[in-house]
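The structure under discussion appears below in the form of structure tokens.
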Amino acid sequence: ILLIISPLTSAENRPGFVCGKFNDHVMEVPKEYIIYWAEYEGKSSWTPGFTKNKKGCDANFTSLPMIASWPDMQPGDKSKWYKQGLRYEGLRMRVEPFKRTDTDITFKRDFFLRKQNDRTFDPVIYIDKLGLFFVKATRKLFRAEPQDRNSPYWFDKTINGYYWSEVEGKVPVVFDCQWLPLEKRYYICEAIFVMAEIGSLVRIFFTVEKLPQWRAIVSSTQQFLLSHIKR
């Protein structure tokens, strides 16, 4: 009797796709969306032997990094991503396991706004045109070496702009926007929210110019992820 065994077992990814589980929900995404590599339970990607971690639909994801064009959510142009980095005009997404039964991330907002000796906060304001609360946080940097203060590369502080929405006293999404000292402006934002449907924490990185579209970005990302749930 000739026993034929398929080289592709249920624990592996089928050609052209990356598959794994978040909180027992199986997600399969075309490889064109993946940047770097998906990470699975087991050894860290910085540890020798991590490539031997169990992979595929039967394995648990620890990180799923992707890029997508905006606003059509098609596979992102990897050559542009590698060239442009943080200035990439699409969306960079990272999905991580996070077991919660609700979507309130007030704890994340409070973590960003925690008091520290080297940080100061402007008063919290509400921006009507965005529908978001906002606060500016400034951290003083200690400069041990003398530098030319007239140089455009000299700066003695870092700035973060924190935005968040509130619904009935809960915080469904938080944004961390980073300051670019050379251009004296915010340049990149990170949206953070929970998808309880798949037990995941979702992070989306985009250029600050897209912040007014935050509702569409969050909604489209949620729909994108749910559309790739197999079971």
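By convention here, the chains of the structure tokens are called A, B, ... in the order presented, each chain's residues are numbered starting at 1, and ligands are numbered starting at 1 in the order presented.
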Could you list, as a VMD selection string, every residue within 8 Å of A:Asn53, counting only C-alpha atoms and ignoring same-chain residues fewer than 2 positions away?
chain A and resid 40 to 43 49 to 51 55
Closest-contact table, stretch 64-138 of chain A side, partner stretch 20-32 of chain A, 7 Å, counting only C-alpha atoms, as a Markdown table:
| residue | atom | partner | partner_atom | distance |
| --- | --- | --- | --- | --- |
| A:Pro75 | CA | A:Glu32 | CA | 5.6 |
| A:Pro97 | CA | A:Phe22 | CA | 5.8 |
| A:Lys99 | CA | A:Asn23 | CA | 7.0 |
Considering only C-alpha atoms, tabulate each residue of stretch 35-68 of chain A that lies at most 12 Å from stretch 176-200 of chain A along with its nearest interatomic pair and the corresponding distance in Å to one decimal; arrange the rows by chain and ascending residue number and present them as CSV.
residue,atom,partner,partner_atom,distance
A:Asn60,CA,A:Ser200,CA,11.8
A:Phe61,CA,A:Ser200,CA,10.2
A:Thr62,CA,A:Ser200,CA,9.9
A:Ser63,CA,A:Ser200,CA,9.9
A:Leu64,CA,A:Ser200,CA,10.5
Determine, counting only C-alpha atoms, which protein, DNA and RNA residues have an atom within 8 Å of an atom of A:Lys140; residues of the same chain fewer than 4 positions away are not included. Present the result as number ranges by chain.
A: 118-119, 156-158
If you keep C-alpha atoms, can you produce a file of those selected residues as an mmCIF file, in the first residue's frame?
data_model
loop_
_atom_site.group_PDB
_atom_site.id
_atom_site.type_symbol
_atom_site.label_atom_id
_atom_site.label_comp_id
_atom_site.auth_asym_id
_atom_site.auth_seq_id
_atom_site.Cartn_x
_atom_site.Cartn_y
_atom_site.Cartn_z
ATOM 1 C CA ASP A 118 10.612 65.119 33.803
ATOM 2 C CA ARG A 119 7.224 65.631 32.093
ATOM 3 C CA ASP A 156 16.331 69.601 24.575
ATOM 4 C CA LYS A 157 12.835 68.161 24.751
ATOM 5 C CA THR A 158 10.530 65.583 23.249
#
Need to verify the contact set: A:Tyr36, 12 Å, only C-alpha atoms, exclusion of same-chain residues closer than 3 positions in sequence. Can you return it as a PyMOL selection string?
chain A and resi 31-33+39+45+63-67+78+81-82+92+94
Within 12 Å of stretch 172-174 of chain A using only C-alpha atoms, minus same-chain residues under 4 positions, as a ChimeraX atom specification:
/A:102-113,131-135,161-168,189-196,201-205,211,214-215,217-219
When distances are computed from only C-alpha atoms, which of A:Phe98, A:Trp70, A:Gly85, A:Ile34 shows the smallest separation from A:Ala216?
A:Trp70
Please give the complete set of residues from stretch 12-230 of chain A that DSSP, run on the backbone, assigns to strand (DSSP E), formatted as a PyMOL selection string.
chain A and resi 17-22+25-30+39-40+61-68+91-97+119-121+125-127+132-140+157-164+174-180+185-195+200-207
Residue nearest A:Tyr88 - candidates A:Ile229, A:Arg114, A:Pro212, A:Phe206, atoms counted: only C-alpha atoms
A:Phe206
Two-atom distance - atom CA of A:Ile35, atom CA of A:Gln213 (Å)
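These two atoms are separated by 23.7 Å.
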Restricting the calculation to only C-alpha atoms, which member of A:Phe224, A:Phe175, A:Lys230, A:Asn160 is positioned closest to A:Val18?
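Selected residue with least distance to A:Val18: A:Lys230.
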As a ChimeraX atom specification, please: all residues of stretch 68-219 of chain A that backbone DSSP puts in helix (DSSP H, G or I).
/A:78-87,106-112,208-219
Could you work out how far atom CA of A:Gly90 lies from atom CA of A:Gly56, giving the answer in Å with one decimal?
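Value for the atom CA of A:Gly56-atom CA of A:Gly90 distance: 26.9 Å.
Distance-wise, atom CA of A:Arg14 and atom CA of A:Thr221 end up 23.7 Å apart.
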